[in-house]
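Notes follow the structure.
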Amino acid sequence: MRAGRLACVFVPLFPLAARLRAEPELTREALAVFDGNGPAARLVAATRIARRAGLKAGLTLPQGRALLPKLVARPRDPDCERSAQEALVEAAETISPRVEDAGEGVVFVDLAGLERHFPGETFEHQAALALTAAAEKAGLAVRVGVAASKLAARVAAESPGSPKVVPEGEEAAFLAPLPLAALTPEIRVASTLERWGVRSIGELARLPAAEVKSRLGRSGEELHARSRGIDPQPLLPRQPPPSFREGMTLEWPIVALEPFLFVGRSALERLTRRLEGQGLAAKRLELSLRLEPDGCYERTIELPSPTRDVKTLLTLVQLELEARPPGGPVAAFSFAAHPDHPREAQLTLFGPAELSPDRLATTLARLFALLGPERVGSPRPLDAHRPEGFTLVPFEPPPPPPTMRPPRRGLGLLTVRVLRPPVPLEVLVTGPPLDEVAEPTIERPACLETLKLLSVASTVAAATDKRPKIGGRVRVAAGPWGLEEEWWSESPTARDYWDVELAGGGVYRIYRERLSGEWFADGVYD
Amino acid sequence: MGLARQHLPKSAGTVDELLPTAQPVLDRLLAGGLARGALTELVGRSSSGRFSVVLGLLAAATSAGEAAALIDLGDSLDPRSAAASGVELPRLLWLRPQRLKNAWMAAEAVIVSGFACVVLDLGLPPVAGSRGSEGPWLRLARVAQAHGASLLISSPYRTSGPAATAVLSLAREGARWRGANGAPRLLAGLDGELSLAKHRGRSPGDHGPLRLRIGAVEVDRDTAVIPTGACAAGVGEGSPPSHSDGSTVAGGFSPRRGAEPSRSRSRNGRWRVHAGALSRVALGVRD
């Protein structure tokens with residue numbers, strides 16, 4: 001039983017790696033990342049092409065340009081680095097649940113209990129390879145070292161030949177030849193040790209622990225323990241983040257939608273890859289833009305159901321930005337996904353095929369973007385008397401029956417094709433003049449019993465109006481049927497309905513508003 | 001046209017499965033039901049009973065446990081009528097595009113996502129953008145074939161061109177009315193003539209036009225306060241009328257047959273008559 005084995009996953013030149021993860025097209029360019037502002041900016045990392053030209057850490061941008069005129073310079077991007085660090089931790093968490101975030105491209109992974117996943121004597125080596133593959137999938141090239149302590153694992157990871165495994169019990173010997181600076185001691189302690197003539201970790205480890213503690217105090221005791229391969233603090237696994245976020249600061253503010261969608265797509269792809277690694281999908285997408293010169297723009301895009309489809313998410317972002325433009329150049333952006341578990345379906349052998357929940361979610365999101373959320377859903381009648389009333393609920397079909405069943409015999413009911421909105425009509429009638437009888441009210445409607453409908457014509461005259469044109473002599477009319485609703489409210493509904501067949505053959509449902517006396521057609525029997 | 005034929009779906013003879021419509025006239029003309037993996041077009045003018053046939057098909061598909069989608073270009077669906085026709089609304093996805101182009105895109109999206117029954121209803125004329133556009137219909141036919149979906153286009157006139165595997169034509173014969181000479185008059189139903197205008201893989205004239213009767217079943221309402229939108233109807237060639245006397249009762253706003261006007265007392269103590277007799281309205285308020 002091996003216990004206390006740790007793996008250190010280390011990203012060399014982390015600021016550069018985070019930037020290249022966001023802009024992979026710069027991988028083959030002479031790229032350098034600078035930290036600081038203006039003349040004080042110093043080079044912190046550069047690609048191999050730039051390093052071959054003589055660039056090294058600490059140079060200023062003019063010095064770098066003097067060495068390499070075609071140098072591509074980028075500032076350190078905290079958004080990129082934060083996203084890369086989160087991606088690194090999540091990649092490590094796909095191998096082990098106990099992962100400590102050490103920051104700046106370093107994570108420690110507890111390998112205890114992974115023997116069953118990687119059987120054999122070389123399980124540590126296999127676990128290290130799995131960690132490397134997981135990080136590469138997240139867009140980061142890493143080195144991995146395995147040892148019993150964080151320091152030994154970190155040193156092993158930084159040494160060439162990844163993955164490097166320090167055999168169990170040989171941590172002290174592995175660390176012994178390294179200079180004392182590898183322990184990053186305090187300045188006071190470091191100067192004392194230098195006066196003592198202690199220059200390597202092995203020399204410090206050979207000193208008696210009690211004597212070191214009595215002379216250098218608690219910090220000296222911790223330093224001595226680390227020199228012997230003992231961690232003063234155990235591994236502190238991090239809590240999973242409540243949400244997933246991807247973003248970056250743009251070199252130049254973006255003023256047009258198309259370039260923003262270009263850079264936004266890659267961020268969404270990274271975001272969905274992270275969600276996929278955790279077996280999750282986005283239920284809600286938050287878009288946050290930092291505007292130039294100041295201001296911010298934040299929008300929340302609700303998704304009909306959890307999805308990981310980048311095209312769908314990008315379309316929704318595009319529609320949101322087109323509908324409500326930010327109002328200024330975009331200097332930085334970030335997407336935050338609220339994770340949720342995607343829908344699951346039980347497949348059946350003998351019944352009708354069930355819709356794939358993931359594909360259905362993607363389709364619904366696209367339809368939302370294409371038609372609008374108020375035009376997609378499952379219809380439900382309202383508990384009201386007005387025939388035009390309905391409501392839409394999210395489409396969540398029940399599971400299909402376990403076995404095939406024949407369809408019910410059709411009822412063949414005559415249905416009404418509803419006209420939305422109702423078509424205003426001009427109706428010629430014979431009978432007593434309605435206006436002379438009395439002022440019609442809900443409580444005392446006009447006398448309609450003897451009313452005879454002669455002809456119907458729609459009053460829609462505009463050529464651009466797409467509503468159907470209704471007109472003709474009334475051949476048969478049946479009615480009126482009264483409809484009264486919400487008489488207690490300030491806007492009650494009071495109508496008299498007729499079913500009419502016109503000479504042209506169309507059969508319509510028309511009504512007359514009692515209060516206004518206006519006529520409308522609200523349905524076609526079809 | 002030659003290029004178009006290269007992209008045509010296979011003839012219906014190669015389609016393995018059929019989606020029964022549970023409507024005898026339709027099933028008889030289509031030799032068992034709507035072909036899966038093919039585009040079928042139903043053509044009919046307004047008041048020909050076309051929308052009733054569409055809802056009947058959706059009722060058949062959803063009652064068999066299949067998911068169905070209605071792309072409703074005319075925004076015509078009355079959910080109450082659909083439920084009365086037997087459509088299981090939780091299994092129905094209702095899409096209401098405002099343009100034909102969006103309707104095409106929506107239809108393709110739902111077919112690709114695995115819906116077994118997809119109906120694209122083009123509403124009432126005029127249908128803007130439908131003339132001279134064969135490409136999208138061919139594309140839809142190919143997508144339906146690739147995913148095994150039954151795609152029905154309900155249109156006031158022929159639109160899909162060579163993409164359709166079968167074309168059904170529904171001719172309007174007129175409405176049936178009950179009551180005359182002063183008797184209460186009610187809309188009893190619609191009569192139509194359904195014929196197979198085209199069926200790839202079958203010779204024309206296999207079937208002559210069949211008579212389609214819609215209407216004859218009484219709507220059951222719990223109260224006679226306000227009529228619902230759905231008319232009662234019966235279906236099928238020679239389907240028996242609902243009542244023993246051979247009469248039919250229907251109409252969007254007809255109260256239950258033989259029901260007396262109901263009354264209730266409002267808050268101010270007045271009597272409110274909610275619905276009248278069969279024909280003449282008796283709605284009013286009296287002290």
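Just remember, in the structure tokens the first chain shown is A, the second B, etc., residues are 1-based per chain, and ligands are 1-based in the order shown.
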List every residue of region 11-132 of chain B that DSSP, applied to the backbone, labels as strand (DSSP E), and write the result as a PyMOL selection string. chain B and resi 18-19+34-35+38-44+68-72+92-95+117-121
Selection: 12 Å around Ala457 (chain A), only C-alpha atoms, excl. self and same-chain fewer than 2 positions, as a list in words: Val423, Pro424, Leu425, Glu426, Val427, Leu428, Leu453, Leu454, Ser455, Thr459, Val460, Ala461, Pro468, Lys469, Ile470, Gly471, Gly472, Arg473, Val474, Leu502, Ala503, Tyr508, Ile510, Trp519, Phe520 and Ala521 of chain A
How about saving the chosen residues, C-alpha atoms kept, as an mmCIF file, in the first residue's frame?
```
data_model
loop_
_atom_site.group_PDB
_atom_site.id
_atom_site.type_symbol
_atom_site.label_atom_id
_atom_site.label_comp_id
_atom_site.auth_asym_id
_atom_site.auth_seq_id
_atom_site.Cartn_x
_atom_site.Cartn_y
_atom_site.Cartn_z
ATOM 1 C CA VAL A 423 -59.756 40.235 -39.055
ATOM 2 C CA PRO A 424 -61.954 43.338 -38.847
ATOM 3 C CA LEU A 425 -65.101 43.045 -40.938
ATOM 4 C CA GLU A 426 -67.846 45.110 -42.389
ATOM 5 C CA VAL A 427 -71.120 43.188 -42.118
ATOM 6 C CA LEU A 428 -74.350 44.232 -43.804
ATOM 7 C CA LEU A 453 -76.584 38.813 -42.040
ATOM 8 C CA LEU A 454 -76.380 39.747 -45.712
ATOM 9 C CA SER A 455 -72.736 40.083 -46.634
ATOM 10 C CA THR A 459 -61.878 46.019 -44.021
ATOM 11 C CA VAL A 460 -58.194 45.222 -44.442
ATOM 12 C CA ALA A 461 -57.237 47.268 -47.456
ATOM 13 C CA PRO A 468 -56.656 36.678 -45.395
ATOM 14 C CA LYS A 469 -59.224 38.632 -47.351
ATOM 15 C CA ILE A 470 -62.755 37.636 -46.408
ATOM 16 C CA GLY A 471 -65.738 38.709 -48.406
ATOM 17 C CA GLY A 472 -68.936 37.614 -50.029
ATOM 18 C CA ARG A 473 -72.633 37.195 -49.671
ATOM 19 C CA VAL A 474 -73.766 35.240 -46.633
ATOM 20 C CA LEU A 502 -70.226 32.676 -47.683
ATOM 21 C CA ALA A 503 -71.155 32.320 -51.298
ATOM 22 C CA TYR A 508 -66.082 31.475 -40.913
ATOM 23 C CA ILE A 510 -67.367 35.867 -36.838
ATOM 24 C CA TRP A 519 -67.352 42.956 -36.340
ATOM 25 C CA PHE A 520 -64.435 40.554 -36.537
ATOM 26 C CA ALA A 521 -63.646 37.144 -37.961
#
```
Based on DSSP run over this structure's backbone, return all residues of region 192-393 of chain A in helix (DSSP H, G or I), as a ChimeraX atom specification. /A:192-196,201-206,209-227,257-277,310-323,357-371,373-375
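If you count only C-alpha atoms and ignore residues fewer than 2 places along the chain from Gly44 (chain B), what sits within 8 Å of it is Leu42, Ser46, Ser48, Gly49, Arg50, Ser154, Ser155, Pro156, Tyr157, Ser169, Leu170, Ala171 and Arg172 of chain B.
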Could you pull the residues within 7 Å of Arg91 (chain B), counting only C-alpha atoms, minus those fewer than 4 positions along the same chain, as a ChimeraX atom specification? /A:397-398 /B:62,67-68
Give me the residues within 12 Å of Asp78 (chain B) as a CSV table (one decimal) with N, CA, C and O atoms, in the first residue's frame, counting only C-alpha atoms and dropping any in the same chain fewer than 3 places off.
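And here is the file that came out, part_6.csv:
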```
chain,number,residue,atom,x,y,z
A,379,PRO,N,-48.3,23.7,-26.6
A,379,PRO,CA,-49.5,24.5,-26.3
A,379,PRO,C,-50.4,23.9,-25.2
A,379,PRO,O,-50.5,22.7,-25.1
A,380,ARG,N,-51.1,24.8,-24.5
A,380,ARG,CA,-52.1,24.4,-23.5
A,380,ARG,C,-53.2,25.4,-23.6
A,380,ARG,O,-53.0,26.6,-23.8
A,381,PRO,N,-54.4,24.8,-23.5
A,381,PRO,CA,-55.6,25.8,-23.5
A,381,PRO,C,-55.7,26.5,-22.2
A,381,PRO,O,-55.3,25.9,-21.1
A,382,LEU,N,-56.2,27.6,-22.2
A,382,LEU,CA,-56.4,28.4,-21.0
A,382,LEU,C,-57.8,28.0,-20.4
A,382,LEU,O,-58.7,27.7,-21.1
A,386,ARG,N,-62.8,32.7,-23.7
A,386,ARG,CA,-62.5,33.3,-25.0
A,386,ARG,C,-61.7,32.3,-25.8
A,386,ARG,O,-60.7,31.7,-25.4
A,387,PRO,N,-62.1,32.0,-27.1
A,387,PRO,CA,-61.5,31.0,-27.8
A,387,PRO,C,-60.1,31.2,-28.2
A,387,PRO,O,-59.3,30.3,-28.5
A,388,GLU,N,-59.6,32.5,-28.2
A,388,GLU,CA,-58.3,32.7,-28.7
A,388,GLU,C,-57.2,32.5,-27.6
A,388,GLU,O,-56.0,32.6,-27.8
A,389,GLY,N,-57.7,32.2,-26.4
A,389,GLY,CA,-56.7,32.1,-25.3
A,389,GLY,C,-55.9,30.8,-25.3
A,389,GLY,O,-56.5,29.8,-25.6
A,390,PHE,N,-54.7,30.9,-25.1
A,390,PHE,CA,-53.8,29.7,-25.0
A,390,PHE,C,-52.6,30.1,-24.2
A,390,PHE,O,-52.3,31.3,-24.0
A,391,THR,N,-51.8,29.1,-23.8
A,391,THR,CA,-50.5,29.4,-23.2
A,391,THR,C,-49.5,28.4,-23.7
A,391,THR,O,-49.9,27.3,-24.2
A,392,LEU,N,-48.2,28.7,-23.6
A,392,LEU,CA,-47.2,27.8,-24.0
A,392,LEU,C,-46.4,27.4,-22.8
A,392,LEU,O,-46.1,28.2,-21.9
A,414,LEU,N,-64.2,18.5,-36.6
A,414,LEU,CA,-64.0,19.7,-37.4
A,414,LEU,C,-63.3,20.7,-36.5
A,414,LEU,O,-63.8,21.0,-35.4
A,415,THR,N,-62.3,21.3,-37.0
A,415,THR,CA,-61.5,22.2,-36.1
A,415,THR,C,-61.6,23.6,-36.7
A,415,THR,O,-61.9,23.8,-37.9
A,416,VAL,N,-61.2,24.5,-35.9
A,416,VAL,CA,-61.2,25.9,-36.3
A,416,VAL,C,-59.7,26.4,-36.5
A,416,VAL,O,-58.9,26.1,-35.7
A,417,ARG,N,-59.5,27.0,-37.7
A,417,ARG,CA,-58.2,27.6,-37.9
A,417,ARG,C,-58.3,29.0,-37.4
A,417,ARG,O,-59.1,29.8,-38.0
A,418,VAL,N,-57.6,29.3,-36.3
A,418,VAL,CA,-57.8,30.6,-35.7
A,418,VAL,C,-57.1,31.7,-36.4
A,418,VAL,O,-56.0,31.5,-37.0
A,419,LEU,N,-57.7,32.8,-36.5
A,419,LEU,CA,-57.1,34.0,-37.1
A,419,LEU,C,-56.6,34.9,-36.0
A,419,LEU,O,-57.3,35.4,-35.2
A,420,ARG,N,-55.3,35.0,-36.0
A,420,ARG,CA,-54.6,35.8,-35.0
A,420,ARG,C,-53.9,36.9,-35.7
A,420,ARG,O,-52.9,36.6,-36.5
A,522,ASP,N,-62.7,35.6,-36.4
A,522,ASP,CA,-61.5,35.1,-35.6
A,522,ASP,C,-61.3,33.6,-35.9
A,522,ASP,O,-60.5,33.0,-35.2
A,523,GLY,N,-61.9,33.0,-36.9
A,523,GLY,CA,-61.6,31.7,-37.2
A,523,GLY,C,-62.2,31.2,-38.5
A,523,GLY,O,-63.2,31.8,-39.0
A,524,VAL,N,-61.6,30.2,-39.1
A,524,VAL,CA,-62.1,29.6,-40.3
A,524,VAL,C,-62.3,28.1,-40.0
A,524,VAL,O,-61.4,27.5,-39.5
A,525,TYR,N,-63.5,27.6,-40.3
A,525,TYR,CA,-63.7,26.2,-40.1
A,525,TYR,C,-63.0,25.5,-41.2
A,525,TYR,O,-63.3,25.7,-42.4
A,526,ASP,N,-62.1,24.6,-40.9
A,526,ASP,CA,-61.2,24.0,-41.9
A,526,ASP,C,-60.9,22.6,-41.5
A,526,ASP,O,-60.6,22.4,-40.4
B,51,PHE,N,-57.2,21.4,-42.3
B,51,PHE,CA,-56.6,21.5,-40.9
B,51,PHE,C,-57.1,20.4,-40.0
B,51,PHE,O,-56.4,20.0,-39.1
B,52,SER,N,-58.3,20.0,-40.2
B,52,SER,CA,-58.9,18.9,-39.4
B,52,SER,C,-58.1,17.6,-39.7
B,52,SER,O,-57.8,16.8,-38.8
B,55,LEU,N,-54.8,17.9,-37.9
B,55,LEU,CA,-54.8,17.6,-36.4
B,55,LEU,C,-55.2,16.1,-36.2
B,55,LEU,O,-54.7,15.5,-35.2
B,72,ASP,N,-46.4,26.0,-37.6
B,72,ASP,CA,-47.6,26.6,-37.9
B,72,ASP,C,-47.4,28.0,-38.5
B,72,ASP,O,-47.3,29.0,-37.7
B,74,GLY,N,-49.2,29.9,-40.2
B,74,GLY,CA,-50.3,30.8,-40.1
B,74,GLY,C,-50.8,31.1,-38.7
B,74,GLY,O,-51.7,31.8,-38.5
B,75,ASP,N,-50.1,30.5,-37.7
B,75,ASP,CA,-50.4,30.7,-36.3
B,75,ASP,C,-51.9,30.4,-36.1
B,75,ASP,O,-52.7,31.1,-35.5
B,81,SER,N,-59.1,23.0,-29.6
B,81,SER,CA,-59.6,22.1,-30.7
B,81,SER,C,-58.6,21.0,-30.9
B,81,SER,O,-59.1,19.8,-31.1
B,82,ALA,N,-57.3,21.2,-30.7
B,82,ALA,CA,-56.4,20.1,-30.9
B,82,ALA,C,-56.6,19.0,-29.8
B,82,ALA,O,-56.6,17.8,-30.1
B,83,ALA,N,-56.8,19.5,-28.6
B,83,ALA,CA,-57.0,18.5,-27.5
B,83,ALA,C,-58.3,17.7,-27.7
B,83,ALA,O,-58.4,16.5,-27.5
B,84,ALA,N,-59.3,18.5,-28.2
B,84,ALA,CA,-60.6,17.8,-28.5
B,84,ALA,C,-60.5,16.8,-29.6
B,84,ALA,O,-61.2,15.8,-29.7
B,85,SER,N,-59.5,17.1,-30.6
B,85,SER,CA,-59.3,16.1,-31.7
B,85,SER,C,-58.5,14.9,-31.3
B,85,SER,O,-58.3,14.0,-32.1
B,87,VAL,N,-55.3,15.1,-29.9
B,87,VAL,CA,-53.8,15.4,-29.8
B,87,VAL,C,-53.4,15.4,-28.4
B,87,VAL,O,-53.9,16.1,-27.5
B,89,LEU,N,-51.2,16.9,-26.1
B,89,LEU,CA,-50.5,18.2,-26.2
B,89,LEU,C,-49.1,18.1,-25.6
B,89,LEU,O,-48.2,18.7,-26.2
B,94,TRP,N,-45.1,22.9,-30.7
B,94,TRP,CA,-45.8,23.9,-31.6
B,94,TRP,C,-44.8,25.1,-31.9
B,94,TRP,O,-44.3,25.7,-31.0
B,228,THR,N,-66.9,26.3,-27.0
B,228,THR,CA,-65.5,26.2,-27.2
B,228,THR,C,-65.3,26.4,-28.7
B,228,THR,O,-66.2,26.6,-29.5
B,229,GLY,N,-64.0,26.3,-29.1
B,229,GLY,CA,-63.7,26.5,-30.5
B,229,GLY,C,-63.9,25.3,-31.4
B,229,GLY,O,-64.1,25.4,-32.6
B,230,ALA,N,-64.0,24.1,-30.8
B,230,ALA,CA,-64.0,23.0,-31.6
B,230,ALA,C,-65.4,22.6,-32.0
B,230,ALA,O,-66.3,22.6,-31.2
B,231,CYS,N,-65.5,22.3,-33.3
B,231,CYS,CA,-66.8,21.8,-33.7
B,231,CYS,C,-66.8,20.3,-33.5
B,231,CYS,O,-65.8,19.7,-33.5
```
Using CA of Leu138 (chain B) and CA of Ala69 (chain B) as the two end points, give the distance in Å to one decimal.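 Answer for the CA of Leu138 (chain B) to CA of Ala69 (chain B) separation: 19.4 Å.
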I'd like to know which of B:Glu108, B:Trp137, B:Gly65, B:Leu58 is closest to Gly412 (chain A), using only C-alpha atoms.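 For Gly412 (chain A), the nearest of the candidates is B:Leu58.
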Any idea what's packed within 10 Å of Val144 (chain A), counting only C-alpha atoms, ignoring anything in its chain fewer than 6 positions away? Could you give it as a count of residues only? 27
Could you tell me which of A:Arg375, A:Gly328, A:Glu344, A:Phe260 comes closest to Gly295 (chain A) if we count only C-alpha atoms? A:Gly328
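Proximity of A:Leu411, A:Leu303, A:Arg188, A:Ile254 to Gly372 (chain A), computed with only C-alpha atoms, is greatest for A:Leu303.
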Record the distance separating CA of Ser356 (chain A) and CA of Gly37 (chain B), expressed in Å with one decimal.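 The value is 18.6 Å.
When only C-alpha atoms are used to compute distances to Leu26 (chain B), the closest of the residues B:Leu194, B:Ile111, B:Ala128, B:Ala64 turns out to be B:Leu194.
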Report as a list in words all protein, DNA and RNA residues lying within 12 Å of Ala31 (chain B), evaluated on only C-alpha atoms, omitting residues in the same chain fewer than 2 positions from it.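 Counting only C-alpha atoms, the residues come to Ala12, Gly13, Glu17, Leu18, Leu19, Pro20, Thr21, Gln23, Pro24, Val25, Leu26, Asp27, Arg28, Leu29, Gly33, Leu34, Ala35, Ala166, Leu196, His199, Gly201, Arg202, Asp206 and His207 of chain B.
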